[in-house]
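Engineer: My questions will all concern the structure given below.
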Amino acid sequence: MTAPLLKVTDLHTHFETRAGTVKAVDGVSFHLNRGEVLGLVGESGSGKSITGFSIIGLIDKPGRITHGSITIEGRELVGLGDGLRHVRGREISMVFQDPMMTLNPVLTILDQMTMALRAHESISDADARIRCVEALRQVRIVDPEQKIDFYPHEFSGGMRQRVAIAIALLHRPKVIIADEPTTALDVSVQAEILVEVKALVAELGISLIWISHDLATVASISNRIAVMRYGKIVETGPAAEVLGAPAHPYTRMLLDALPSRSRPGQLLGLDAGDKQASEMRIAHRPVQSQSGFVTVKHAVKRFEWPTSFCSRLGTRMNLVKPRSAVLAVNDVTFSIARGEALGLVGESGSGKSTLGRMVCGIYHPTEGDIKIDGASVISTGQQGRKLTTRVQMIFQDPFASLDPRRTVGQSIAEGPVAHGLTTRAGARGYVAKWLEAVSLDPAVADRYPHQFSGGQRQRIAIARALAMRPDVIVCDEPVASLDVSIQAQILNLLLTLRNELGLTLLFISHDLSVVRHLCDRIVVMYRGRIVEEGPAESIFETPKQPYTRMLLDAIPRLASEEPVLEEA
Amino acid sequence: MTAFIVHRIWQALLVMLVMSILVFAGVFLIGNPVDVLISPDATQEIRQQVIAQYGLDLPIWQQYLHFMTSLLQGDFGRSFVYNMPVSELVASRFPATMELATIAVLLASVIGIPLGVYAGYRPDGWPSKIIMAVSILGFSVPTFWIGLMMIVVFAVEIGIMPAGGRGDVVSIFGMPWSFLTIDGLHHLVLPAVNLSLFKMAMMIRLAASGTREIMLTDTIKFARAAGISELTILRRHVLRLISIPLVTVFGLELGSTIAFAVVTETIFSWPGLGKLIIDSITSLDRPVMVAYLMLVSLLFITINLAVDLAYAVLDPRMRQRGGK
């Protein structure tokens, strides 16, 4: 076999900070062959992204490569300084996570692509346009002649990521580094992009480094996988081998933390002995017969633009077209039995979050009514107030939902004190009790949200919701921004709490495997309507609607067989 | 877009109407111009005659209606002091302030923005630290003191600059302009620089913080990953992205500079609107005050509209929101 295309040897990237040296990348070595896809997997803080940025020479200050070598076709890249600019985009290019953030919102696609073209060659405007249209067509953008004059906000997320890939491909680079390129996208879009990237790699003979926290997507695209932890590669090998027979305990732990690999309702990431114990406990799930505990009848939510006198006048004079209202939730009816966990699944824009907020009494339904135990959640009228504390909510981003200037104890105590569940004097003990319930040390009540990790913050958010003694908890993507191992802990916590407290859950997620793991019944939403509803088992095994089937097919799976892409 | 402009013009008319009431009532409260206009030893008869002549004996709402009807006919009334139509008076002073303010704000932008972008691009270098330190001085040292110092140094000690006045003027559309003659420009330099210092400091800080923020975004990282040169990144990406807040400040500053260039105009005896309004306040020249205040509010409304339209040009997302 010929020498590898890209070779990284004993790479150390350190960040000198006031608090000491952070060894983000600490002695990483790997190689990349021609036409190969290498998956770089790890949780946040493992140094996988910094490894990618080190290769392309774009480490944020104060980080720098202190030791090691990176060669492409035998040429050394470390220490090249500004010379690296001529390598970037032409020989190695990069695709980032969030295409909304990477494309400049005030420039047209053509402008941005032309700029990238002119970085390495001089080309006339007319030729540049032809090249760019061709590049867009290559990433399967429909009607590229017109689309090229669009601005980024006129594209959907998947389209924007395609544009970013097109820009990365402009100069036919030898290596593309893709840093979490599909993490911000819906599953169905992710599936399309994965297929297209695979095809492009095969067609153009490009080598790819695919950086992701998601083992399943990495498994579906990579020939080889390297698992990173604490700045080091703990395991590397052919994808099938690493995932089929992981040698390192960390890899095994990551795999065990995946909900898709364990039986629904089981606690995640435990050894076999513990699993039995947990199943015993789960089996004791209190069977509640009261169906229709939470009822949603013909709920509609329309978001309308406020109309002023002038705009009405303008409309009448035919100067303006009235802005169309957004129908986020369109005539939705379902119910949840007491003690049941209902999964609400859909892609972005399906109205699932809006529906969740209506159930929680945050949004007022435009039409229809929402009741818990026969009582309305919200008073009538468009400016209705929430009437009950029996339903609480956990949001996706606990950092945004906790007040950064209050201690977590204050945040947790606020609601219960206001509603007389505890007194101001007794608040400390009350808070301590709920912090213990989510397995946190009660002493942390005096700390501020920024002093916690993402998983801990989500525990605090759960404690805050529980402290209101709700019967129903609406969870809006509570594990979407967490690492797999942390996600497993939070899912375990929710499973345990649900059994201990007899909670009714409305669990909103785009991640079908998580929903399947936690929920008894599933509702699938698409464009504001419910397309399918049924027990979790049957939705997964025998989906009736094509949309549900498509969603299920789009989930990248951990196959133990060879990945689809064979080495050429 | 049309709807947006129609909407804004409608709003502007409303604001102008409210403004006219406020201005009229406010000016009415300041004092009685009769005391200033007529010598104290005039007979009661003459007093009554003058009061009747200016319509000051009517109730305030009648005076207001009278004022509005003549205003709608394009007549701002006659100055009590200069005894000439207010519109002529303002027209003779307006160009002086206009050119002074415009040049000051342009100067502030042309020098301030590049300095600010540089300071934001290399925040740790010593040139940036000097730029930022000097910009704080620009904020904190009073304009009038710098103006006086400039006169002392450049006009008195070195003697290369004139200390005041407009110099030679050229008449275009019946209005006198200084910036078209060498001598006029020569006279314009010191007051314009003086007036621009504060705004320059503001532009520098705004551009620097905007640039710093944008340099850390993924947009810039992605551009760098495509191998685009730093100069192109600054010129095409950064400048476009920071232009939106800058345009806002530019607009507001242009308005406030035109309206409140009083201090600089006084120090450099620049015969602009600022001096006119101060004079008219001390002599209770009501028609001039009212006309000036109305002109200033019209100016602000126009500039704000222009800024909003500039947004639409600069940010495609705004265009969509406003309806096409």
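Convention: chains lettered A, B, ... in structure tokens order; per-chain residue numbering from 1; ligands numbered from 1 as shown.
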Please identify the strand (DSSP E) residues within segment 42-96 of chain A (assignment by DSSP from backbone atoms) and present them as a PDB file with all heavy atoms, in the first residue's frame.
Structural biologist:
ATOM      1  N   GLY A  63      -4.495  28.793  21.953  1.00  0.00           N
ATOM      2  CA  GLY A  63      -4.045  27.449  21.637  1.00  0.00           C
ATOM      3  C   GLY A  63      -2.936  27.434  20.584  1.00  0.00           C
ATOM      4  O   GLY A  63      -2.908  28.279  19.703  1.00  0.00           O
ATOM      5  N   ARG A  64      -2.034  26.480  20.703  1.00  0.00           N
ATOM      6  CA  ARG A  64      -1.037  26.302  19.648  1.00  0.00           C
ATOM      7  C   ARG A  64      -0.507  24.873  19.689  1.00  0.00           C
ATOM      8  O   ARG A  64      -0.589  24.186  20.712  1.00  0.00           O
ATOM      9  CB  ARG A  64       0.107  27.310  19.778  1.00  0.00           C
ATOM     10  CG  ARG A  64       0.831  27.233  21.073  1.00  0.00           C
ATOM     11  CD  ARG A  64       1.807  28.384  21.236  1.00  0.00           C
ATOM     12  NE  ARG A  64       2.778  28.033  22.266  1.00  0.00           N
ATOM     13  CZ  ARG A  64       3.915  27.426  22.038  1.00  0.00           C
ATOM     14  NH1 ARG A  64       4.284  27.111  20.812  1.00  0.00           N
ATOM     15  NH2 ARG A  64       4.729  27.121  23.036  1.00  0.00           N
ATOM     16  N   ILE A  65       0.024  24.476  18.542  1.00  0.00           N
ATOM     17  CA  ILE A  65       0.584  23.136  18.458  1.00  0.00           C
ATOM     18  C   ILE A  65       1.967  23.182  19.105  1.00  0.00           C
ATOM     19  O   ILE A  65       2.854  23.899  18.652  1.00  0.00           O
ATOM     20  CB  ILE A  65       0.690  22.680  16.991  1.00  0.00           C
ATOM     21  CG1 ILE A  65      -0.705  22.606  16.379  1.00  0.00           C
ATOM     22  CG2 ILE A  65       1.404  21.350  16.884  1.00  0.00           C
ATOM     23  CD1 ILE A  65      -0.723  22.333  14.901  1.00  0.00           C
ATOM     24  N   THR A  66       2.131  22.465  20.204  1.00  0.00           N
ATOM     25  CA  THR A  66       3.413  22.538  20.901  1.00  0.00           C
ATOM     26  C   THR A  66       4.370  21.453  20.427  1.00  0.00           C
ATOM     27  O   THR A  66       5.571  21.587  20.570  1.00  0.00           O
ATOM     28  CB  THR A  66       3.212  22.380  22.425  1.00  0.00           C
ATOM     29  OG1 THR A  66       2.443  21.200  22.650  1.00  0.00           O
ATOM     30  CG2 THR A  66       2.483  23.579  23.000  1.00  0.00           C
ATOM     31  N   HIS A  67       3.824  20.412  19.880  1.00  0.00           N
ATOM     32  CA  HIS A  67       4.680  19.308  19.497  1.00  0.00           C
ATOM     33  C   HIS A  67       3.955  18.456  18.471  1.00  0.00           C
ATOM     34  O   HIS A  67       2.731  18.424  18.444  1.00  0.00           O
ATOM     35  CB  HIS A  67       5.019  18.463  20.745  1.00  0.00           C
ATOM     36  CG  HIS A  67       5.982  17.357  20.455  1.00  0.00           C
ATOM     37  ND1 HIS A  67       7.323  17.572  20.272  1.00  0.00           N
ATOM     38  CD2 HIS A  67       5.776  16.031  20.300  1.00  0.00           C
ATOM     39  CE1 HIS A  67       7.913  16.412  20.010  1.00  0.00           C
ATOM     40  NE2 HIS A  67       7.006  15.468  20.022  1.00  0.00           N
ATOM     41  N   GLY A  68       4.723  17.741  17.647  1.00  0.00           N
ATOM     42  CA  GLY A  68       4.100  16.799  16.736  1.00  0.00           C
ATOM     43  C   GLY A  68       4.195  17.244  15.294  1.00  0.00           C
ATOM     44  O   GLY A  68       4.712  18.322  14.994  1.00  0.00           O
ATOM     45  N   SER A  69       3.724  16.399  14.410  1.00  0.00           N
ATOM     46  CA  SER A  69       3.842  16.714  12.992  1.00  0.00           C
ATOM     47  C   SER A  69       2.570  16.311  12.255  1.00  0.00           C
ATOM     48  O   SER A  69       1.876  15.361  12.617  1.00  0.00           O
ATOM     49  CB  SER A  69       5.062  15.984  12.422  1.00  0.00           C
ATOM     50  OG  SER A  69       4.684  15.107  11.398  1.00  0.00           O
ATOM     51  N   ILE A  70       2.228  17.129  11.256  1.00  0.00           N
ATOM     52  CA  ILE A  70       1.101  16.815  10.380  1.00  0.00           C
ATOM     53  C   ILE A  70       1.643  16.892   8.963  1.00  0.00           C
ATOM     54  O   ILE A  70       2.167  17.921   8.557  1.00  0.00           O
ATOM     55  CB  ILE A  70      -0.034  17.842  10.562  1.00  0.00           C
ATOM     56  CG1 ILE A  70      -0.523  17.866  12.008  1.00  0.00           C
ATOM     57  CG2 ILE A  70      -1.175  17.555   9.607  1.00  0.00           C
ATOM     58  CD1 ILE A  70      -1.345  19.085  12.346  1.00  0.00           C
ATOM     59  N   THR A  71       1.560  15.822   8.213  1.00  0.00           N
ATOM     60  CA  THR A  71       2.056  15.878   6.837  1.00  0.00           C
ATOM     61  C   THR A  71       0.952  15.495   5.878  1.00  0.00           C
ATOM     62  O   THR A  71       0.135  14.616   6.165  1.00  0.00           O
ATOM     63  CB  THR A  71       3.247  14.912   6.619  1.00  0.00           C
ATOM     64  OG1 THR A  71       2.818  13.589   6.963  1.00  0.00           O
ATOM     65  CG2 THR A  71       4.441  15.294   7.455  1.00  0.00           C
ATOM     66  N   ILE A  72       0.938  16.200   4.749  1.00  0.00           N
ATOM     67  CA  ILE A  72       0.040  15.806   3.674  1.00  0.00           C
ATOM     68  C   ILE A  72       0.918  15.481   2.478  1.00  0.00           C
ATOM     69  O   ILE A  72       1.756  16.291   2.068  1.00  0.00           O
ATOM     70  CB  ILE A  72      -1.014  16.891   3.359  1.00  0.00           C
ATOM     71  CG1 ILE A  72      -1.937  16.416   2.246  1.00  0.00           C
ATOM     72  CG2 ILE A  72      -0.392  18.232   3.011  1.00  0.00           C
ATOM     73  CD1 ILE A  72      -3.227  17.199   2.161  1.00  0.00           C
ATOM     74  N   ARG A  75       4.442  16.419   2.914  1.00  0.00           N
ATOM     75  CA  ARG A  75       4.827  17.791   3.229  1.00  0.00           C
ATOM     76  C   ARG A  75       4.377  18.145   4.637  1.00  0.00           C
ATOM     77  O   ARG A  75       3.244  17.893   5.028  1.00  0.00           O
ATOM     78  CB  ARG A  75       4.190  18.768   2.234  1.00  0.00           C
ATOM     79  CG  ARG A  75       5.076  19.029   1.035  1.00  0.00           C
ATOM     80  CD  ARG A  75       4.437  19.996   0.087  1.00  0.00           C
ATOM     81  NE  ARG A  75       3.119  19.530  -0.320  1.00  0.00           N
ATOM     82  CZ  ARG A  75       2.034  20.286  -0.274  1.00  0.00           C
ATOM     83  NH1 ARG A  75       2.104  21.516   0.168  1.00  0.00           N
ATOM     84  NH2 ARG A  75       0.875  19.804  -0.662  1.00  0.00           N
ATOM     85  N   GLU A  76       5.279  18.771   5.386  1.00  0.00           N
ATOM     86  CA  GLU A  76       4.971  19.130   6.764  1.00  0.00           C
ATOM     87  C   GLU A  76       4.081  20.380   6.800  1.00  0.00           C
ATOM     88  O   GLU A  76       4.330  21.354   6.095  1.00  0.00           O
ATOM     89  CB  GLU A  76       6.290  19.393   7.504  1.00  0.00           C
ATOM     90  CG  GLU A  76       6.147  19.783   8.955  1.00  0.00           C
ATOM     91  CD  GLU A  76       5.512  18.687   9.805  1.00  0.00           C
ATOM     92  OE1 GLU A  76       5.971  17.544   9.719  1.00  0.00           O
ATOM     93  OE2 GLU A  76       4.548  18.980  10.528  1.00  0.00           O
ATOM     94  N   ILE A  92      -6.810  21.009   1.723  1.00  0.00           N
ATOM     95  CA  ILE A  92      -7.634  20.555   2.847  1.00  0.00           C
ATOM     96  C   ILE A  92      -8.727  21.592   3.040  1.00  0.00           C
ATOM     97  O   ILE A  92      -8.440  22.783   3.108  1.00  0.00           O
ATOM     98  CB  ILE A  92      -6.815  20.486   4.154  1.00  0.00           C
ATOM     99  CG1 ILE A  92      -5.541  19.680   3.945  1.00  0.00           C
ATOM    100  CG2 ILE A  92      -7.655  19.890   5.270  1.00  0.00           C
ATOM    101  CD1 ILE A  92      -4.658  19.634   5.170  1.00  0.00           C
ATOM    102  N   SER A  93      -9.963  21.171   3.119  1.00  0.00           N
ATOM    103  CA  SER A  93     -10.994  22.148   3.449  1.00  0.00           C
ATOM    104  C   SER A  93     -11.878  21.585   4.550  1.00  0.00           C
ATOM    105  O   SER A  93     -11.752  20.430   4.937  1.00  0.00           O
ATOM    106  CB  SER A  93     -11.808  22.541   2.223  1.00  0.00           C
ATOM    107  OG  SER A  93     -12.385  21.410   1.655  1.00  0.00           O
ATOM    108  N   MET A  94     -12.763  22.434   5.034  1.00  0.00           N
ATOM    109  CA  MET A  94     -13.487  22.060   6.244  1.00  0.00           C
ATOM    110  C   MET A  94     -14.963  22.441   6.145  1.00  0.00           C
ATOM    111  O   MET A  94     -15.314  23.452   5.534  1.00  0.00           O
ATOM    112  CB  MET A  94     -12.832  22.773   7.427  1.00  0.00           C
ATOM    113  CG  MET A  94     -13.265  22.258   8.762  1.00  0.00           C
ATOM    114  SD  MET A  94     -11.986  22.495  10.001  1.00  0.00           S
ATOM    115  CE  MET A  94     -12.808  21.841  11.431  1.00  0.00           C
ATOM    116  N   VAL A  95     -15.803  21.640   6.744  1.00  0.00           N
ATOM    117  CA  VAL A  95     -17.237  21.919   6.847  1.00  0.00           C
ATOM    118  C   VAL A  95     -17.579  21.928   8.328  1.00  0.00           C
ATOM    119  O   VAL A  95     -17.102  21.077   9.071  1.00  0.00           O
ATOM    120  CB  VAL A  95     -18.066  20.843   6.115  1.00  0.00           C
ATOM    121  CG1 VAL A  95     -19.547  21.120   6.262  1.00  0.00           C
ATOM    122  CG2 VAL A  95     -17.687  20.782   4.647  1.00  0.00           C
TER     123      VAL A  95
END
Engineer: Leaving out Met550 of chain A and any residue of its chain fewer than 4 positions from it, which residues lie within 10 Å of it when counting only C-alpha atoms, given as a CSV table (one decimal) with N, CA, C and O atoms, in the first residue's frame?
Structural biologist:
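Here's the written file around07.csv:
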chain,number,residue,atom,x,y,z
A,187,VAL,N,-33.3,14.5,11.2
A,187,VAL,CA,-32.9,13.1,10.8
A,187,VAL,C,-33.0,12.9,9.4
A,187,VAL,O,-32.1,12.3,8.7
A,188,SER,N,-34.1,13.3,8.8
A,188,SER,CA,-34.3,12.9,7.4
A,188,SER,C,-33.3,13.7,6.5
A,188,SER,O,-32.8,13.1,5.5
A,191,ALA,N,-30.0,12.1,6.9
A,191,ALA,CA,-29.8,10.8,6.1
A,191,ALA,C,-29.5,11.2,4.7
A,191,ALA,O,-28.6,10.5,4.1
A,543,PRO,N,-44.7,0.7,11.3
A,543,PRO,CA,-45.3,2.0,11.0
A,543,PRO,C,-46.2,2.0,9.9
A,543,PRO,O,-46.0,1.3,8.9
A,545,GLN,N,-47.8,4.9,8.5
A,545,GLN,CA,-47.7,6.1,7.6
A,545,GLN,C,-46.4,6.1,6.9
A,545,GLN,O,-45.3,5.9,7.5
A,546,PRO,N,-46.3,6.6,5.6
A,546,PRO,CA,-45.0,6.7,4.9
A,546,PRO,C,-44.1,7.7,5.6
A,546,PRO,O,-42.9,7.4,5.6
A,554,ALA,N,-34.5,6.9,8.3
A,554,ALA,CA,-33.5,7.9,8.3
A,554,ALA,C,-32.5,7.8,9.5
A,554,ALA,O,-31.5,8.4,9.4
A,555,ILE,N,-32.9,7.1,10.5
A,555,ILE,CA,-32.0,7.0,11.7
A,555,ILE,C,-30.8,6.2,11.3
A,555,ILE,O,-30.9,5.1,10.8
Engineer: Find the residue from A:Ala219, A:Val78, A:Leu107, A:Ile508 that sits nearest to chain B; use only C-alpha atoms when measuring.
Structural biologist: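 Once distances to chain B are computed over only C-alpha atoms, the minimum belongs to A:Leu107.
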Engineer: Taking 4 positions as the minimum chain separation for residues in the same chain, which residues sit within 12 Å of Arg85 of chain A when counting only C-alpha atoms? Answer as a ChimeraX atom specification.
Structural biologist: /A:56-58,77,80-81,89-93,116,119-120 /B:223-230
Engineer: Keeping only N, CA and C atoms, take the residues you just selected and write them out as a PDB file, in the first residue's frame.
Structural biologist:
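For reference, part_35.pdb as written:
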ATOM      1  N   ILE A  56      -5.907  21.977  10.007  1.00  0.00           N
ATOM      2  CA  ILE A  56      -6.106  23.055   9.037  1.00  0.00           C
ATOM      3  C   ILE A  56      -5.468  24.355   9.513  1.00  0.00           C
ATOM      4  N   GLY A  57      -4.920  24.326  10.732  1.00  0.00           N
ATOM      5  CA  GLY A  57      -4.184  25.492  11.228  1.00  0.00           C
ATOM      6  C   GLY A  57      -5.050  26.639  11.670  1.00  0.00           C
ATOM      7  N   LEU A  58      -6.208  26.359  12.215  1.00  0.00           N
ATOM      8  CA  LEU A  58      -7.104  27.429  12.641  1.00  0.00           C
ATOM      9  C   LEU A  58      -7.478  27.275  14.112  1.00  0.00           C
ATOM     10  N   LEU A  77       3.029  20.350   7.611  1.00  0.00           N
ATOM     11  CA  LEU A  77       2.137  21.504   7.716  1.00  0.00           C
ATOM     12  C   LEU A  77       2.376  22.306   8.994  1.00  0.00           C
ATOM     13  N   LEU A  80       4.031  26.044   9.288  1.00  0.00           N
ATOM     14  CA  LEU A  80       3.962  26.694   7.980  1.00  0.00           C
ATOM     15  C   LEU A  80       3.475  28.136   8.097  1.00  0.00           C
ATOM     16  N   GLY A  81       2.802  28.447   9.183  1.00  0.00           N
ATOM     17  CA  GLY A  81       2.323  29.817   9.412  1.00  0.00           C
ATOM     18  C   GLY A  81       1.353  30.265   8.341  1.00  0.00           C
ATOM     19  N   GLY A  89      -8.501  25.102   1.773  1.00  0.00           N
ATOM     20  CA  GLY A  89      -9.440  25.315   0.678  1.00  0.00           C
ATOM     21  C   GLY A  89      -8.982  24.633  -0.587  1.00  0.00           C
ATOM     22  N   ARG A  90      -7.652  24.536  -0.790  1.00  0.00           N
ATOM     23  CA  ARG A  90      -7.183  23.919  -2.027  1.00  0.00           C
ATOM     24  C   ARG A  90      -6.831  22.454  -1.820  1.00  0.00           C
ATOM     25  N   GLU A  91      -6.159  22.162  -0.705  1.00  0.00           N
ATOM     26  CA  GLU A  91      -5.810  20.765  -0.461  1.00  0.00           C
ATOM     27  C   GLU A  91      -6.593  20.167   0.690  1.00  0.00           C
ATOM     28  N   ILE A  92      -6.810  21.009   1.723  1.00  0.00           N
ATOM     29  CA  ILE A  92      -7.634  20.555   2.847  1.00  0.00           C
ATOM     30  C   ILE A  92      -8.727  21.592   3.040  1.00  0.00           C
ATOM     31  N   SER A  93      -9.963  21.171   3.119  1.00  0.00           N
ATOM     32  CA  SER A  93     -10.994  22.148   3.449  1.00  0.00           C
ATOM     33  C   SER A  93     -11.878  21.585   4.550  1.00  0.00           C
ATOM     34  N   ALA A 116     -14.405  32.363  -2.349  1.00  0.00           N
ATOM     35  CA  ALA A 116     -13.637  31.151  -2.076  1.00  0.00           C
ATOM     36  C   ALA A 116     -12.850  30.719  -3.308  1.00  0.00           C
ATOM     37  N   ALA A 119      -9.791  32.862  -3.852  1.00  0.00           N
ATOM     38  CA  ALA A 119      -8.736  32.710  -2.850  1.00  0.00           C
ATOM     39  C   ALA A 119      -7.536  32.007  -3.459  1.00  0.00           C
ATOM     40  N   HIS A 120      -7.775  31.174  -4.462  1.00  0.00           N
ATOM     41  CA  HIS A 120      -6.660  30.400  -4.999  1.00  0.00           C
ATOM     42  C   HIS A 120      -6.472  30.519  -6.502  1.00  0.00           C
TER      43      HIS A 120
ATOM     44  N   ALA B 223     -14.594  31.027   6.347  1.00  0.00           N
ATOM     45  CA  ALA B 223     -13.927  31.766   5.272  1.00  0.00           C
ATOM     46  C   ALA B 223     -12.431  31.469   5.287  1.00  0.00           C
ATOM     47  N   ARG B 224     -11.852  31.435   6.482  1.00  0.00           N
ATOM     48  CA  ARG B 224     -10.425  31.125   6.567  1.00  0.00           C
ATOM     49  C   ARG B 224     -10.144  29.702   6.105  1.00  0.00           C
ATOM     50  N   ALA B 225     -11.048  28.792   6.468  1.00  0.00           N
ATOM     51  CA  ALA B 225     -10.857  27.394   6.079  1.00  0.00           C
ATOM     52  C   ALA B 225     -10.889  27.243   4.570  1.00  0.00           C
ATOM     53  N   ALA B 226     -11.565  28.199   3.888  1.00  0.00           N
ATOM     54  CA  ALA B 226     -11.591  28.147   2.425  1.00  0.00           C
ATOM     55  C   ALA B 226     -10.346  28.809   1.843  1.00  0.00           C
ATOM     56  N   GLY B 227      -9.448  29.285   2.707  1.00  0.00           N
ATOM     57  CA  GLY B 227      -8.198  29.862   2.238  1.00  0.00           C
ATOM     58  C   GLY B 227      -8.297  31.302   1.801  1.00  0.00           C
ATOM     59  N   ILE B 228      -9.389  31.984   2.165  1.00  0.00           N
ATOM     60  CA  ILE B 228      -9.556  33.385   1.779  1.00  0.00           C
ATOM     61  C   ILE B 228      -8.593  34.250   2.585  1.00  0.00           C
ATOM     62  N   SER B 229      -8.000  35.250   1.923  1.00  0.00           N
ATOM     63  CA  SER B 229      -6.979  36.047   2.597  1.00  0.00           C
ATOM     64  C   SER B 229      -7.610  36.945   3.648  1.00  0.00           C
ATOM     65  N   GLU B 230      -6.799  37.318   4.624  1.00  0.00           N
ATOM     66  CA  GLU B 230      -7.300  38.106   5.749  1.00  0.00           C
ATOM     67  C   GLU B 230      -7.865  39.442   5.278  1.00  0.00           C
TER      68      GLU B 230
END
Engineer: Which of these, B:Gly274, B:Gly120, B:Gly255, B:Gly77, has the shortest distance to Ser297 of chain B once you count only C-alpha atoms?
Structural biologist: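 Using only C-alpha atoms, Ser297 of chain B sits closest to B:Gly255.
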Engineer: Counting only C-alpha atoms, a student should be able to say which residues of chain B come within 9 Å of chain A; what is the right answer, written as an MDAnalysis selection string?
Structural biologist: chainID B and resid 1:4 6:7 10 216:229 232 236:237 240:241 314:317 323:324
Engineer: Between A:Leu512, A:Val142, A:Leu558, A:Val189, which is the closest to Ala240 of chain A once you count only C-alpha atoms?
Structural biologist: A:Leu558
Engineer: Can you pull out every residue within 10 Å of segment 43-59 of chain B, counting only C-alpha atoms, but drop anything in the same chain fewer than 4 positions away, and send it as a PyMOL selection string?
Structural biologist: chain B and resi 32-35+37-39+63-64+66+77-78+80
Engineer: Output N, CA, C and O atoms for every residue in that selection, as an mmCIF file, in the first residue's frame.
Structural biologist:
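again_29.cif, freshly written:
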data_model
loop_
_atom_site.group_PDB
_atom_site.id
_atom_site.type_symbol
_atom_site.label_atom_id
_atom_site.label_comp_id
_atom_site.auth_asym_id
_atom_site.auth_seq_id
_atom_site.Cartn_x
_atom_site.Cartn_y
_atom_site.Cartn_z
ATOM 1 N N ASN B 32 -42.487 86.128 27.554
ATOM 2 C CA ASN B 32 -43.218 86.981 26.645
ATOM 3 C C ASN B 32 -42.248 87.796 25.798
ATOM 4 O O ASN B 32 -41.485 88.603 26.314
ATOM 5 N N PRO B 33 -42.257 87.574 24.493
ATOM 6 C CA PRO B 33 -41.299 88.276 23.639
ATOM 7 C C PRO B 33 -41.524 89.788 23.639
ATOM 8 O O PRO B 33 -40.609 90.546 23.324
ATOM 9 N N VAL B 34 -42.713 90.194 24.013
ATOM 10 C CA VAL B 34 -43.003 91.629 23.980
ATOM 11 C C VAL B 34 -42.026 92.407 24.869
ATOM 12 O O VAL B 34 -41.548 93.484 24.509
ATOM 13 N N ASP B 35 -41.694 91.773 26.011
ATOM 14 C CA ASP B 35 -40.777 92.450 26.934
ATOM 15 C C ASP B 35 -39.427 92.722 26.296
ATOM 16 O O ASP B 35 -38.744 93.674 26.642
ATOM 17 N N LEU B 37 -38.969 92.800 22.849
ATOM 18 C CA LEU B 37 -39.092 93.518 21.585
ATOM 19 C C LEU B 37 -39.262 95.030 21.773
ATOM 20 O O LEU B 37 -38.767 95.813 20.972
ATOM 21 N N ILE B 38 -39.986 95.397 22.812
ATOM 22 C CA ILE B 38 -40.343 96.810 22.943
ATOM 23 C C ILE B 38 -39.540 97.450 24.052
ATOM 24 O O ILE B 38 -39.353 96.858 25.127
ATOM 25 N N SER B 39 -39.047 98.616 23.790
ATOM 26 C CA SER B 39 -38.253 99.287 24.823
ATOM 27 C C SER B 39 -39.168 99.586 26.011
ATOM 28 O O SER B 39 -40.356 99.888 25.843
ATOM 29 N N GLN B 63 -53.625 81.197 18.066
ATOM 30 C CA GLN B 63 -52.270 81.470 17.566
ATOM 31 C C GLN B 63 -51.709 80.243 16.862
ATOM 32 O O GLN B 63 -51.056 80.333 15.829
ATOM 33 N N TYR B 64 -51.991 79.064 17.479
ATOM 34 C CA TYR B 64 -51.479 77.816 16.901
ATOM 35 C C TYR B 64 -52.104 77.561 15.524
ATOM 36 O O TYR B 64 -51.397 77.234 14.560
ATOM 37 N N HIS B 66 -53.370 79.666 13.530
ATOM 38 C CA HIS B 66 -52.839 80.681 12.634
ATOM 39 C C HIS B 66 -51.461 80.274 12.124
ATOM 40 O O HIS B 66 -51.161 80.312 10.934
ATOM 41 N N GLY B 77 -43.396 82.505 9.015
ATOM 42 C CA GLY B 77 -43.545 83.781 9.717
ATOM 43 C C GLY B 77 -42.280 84.624 9.593
ATOM 44 O O GLY B 77 -41.341 84.252 8.886
ATOM 45 N N ARG B 78 -42.298 85.759 10.264
ATOM 46 C CA ARG B 78 -41.159 86.662 10.203
ATOM 47 C C ARG B 78 -40.458 86.674 11.541
ATOM 48 O O ARG B 78 -41.086 86.596 12.585
ATOM 49 N N PHE B 80 -38.909 88.140 14.713
ATOM 50 C CA PHE B 80 -39.139 89.369 15.463
ATOM 51 C C PHE B 80 -37.907 90.253 15.445
ATOM 52 O O PHE B 80 -37.982 91.468 15.370
#
Engineer: Using only C-alpha atoms, pick whichever of B:Pro245, B:Gly116, B:Pro162, B:Gly251 has the shortest atom-to-atom distance to Phe268 of chain B.
Structural biologist: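 Result for the nearest residue to Phe268 of chain B: B:Pro162.
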Engineer: Tell me which protein, DNA and RNA residues are within 9 Å of Thr97 of chain B, counting only C-alpha atoms, leaving out same-chain ones fewer than 2 positions away, and put them as a list in words.
Structural biologist: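 Listed by chain and then number, they are Arg93, Phe94, Pro95, Glu99, Leu100, Ala101, Thr102, Thr257, Ile258, Ala259, Ala261, Glu265, Trp270, Pro271, Gly272, Leu273 and Gly274 of chain B.
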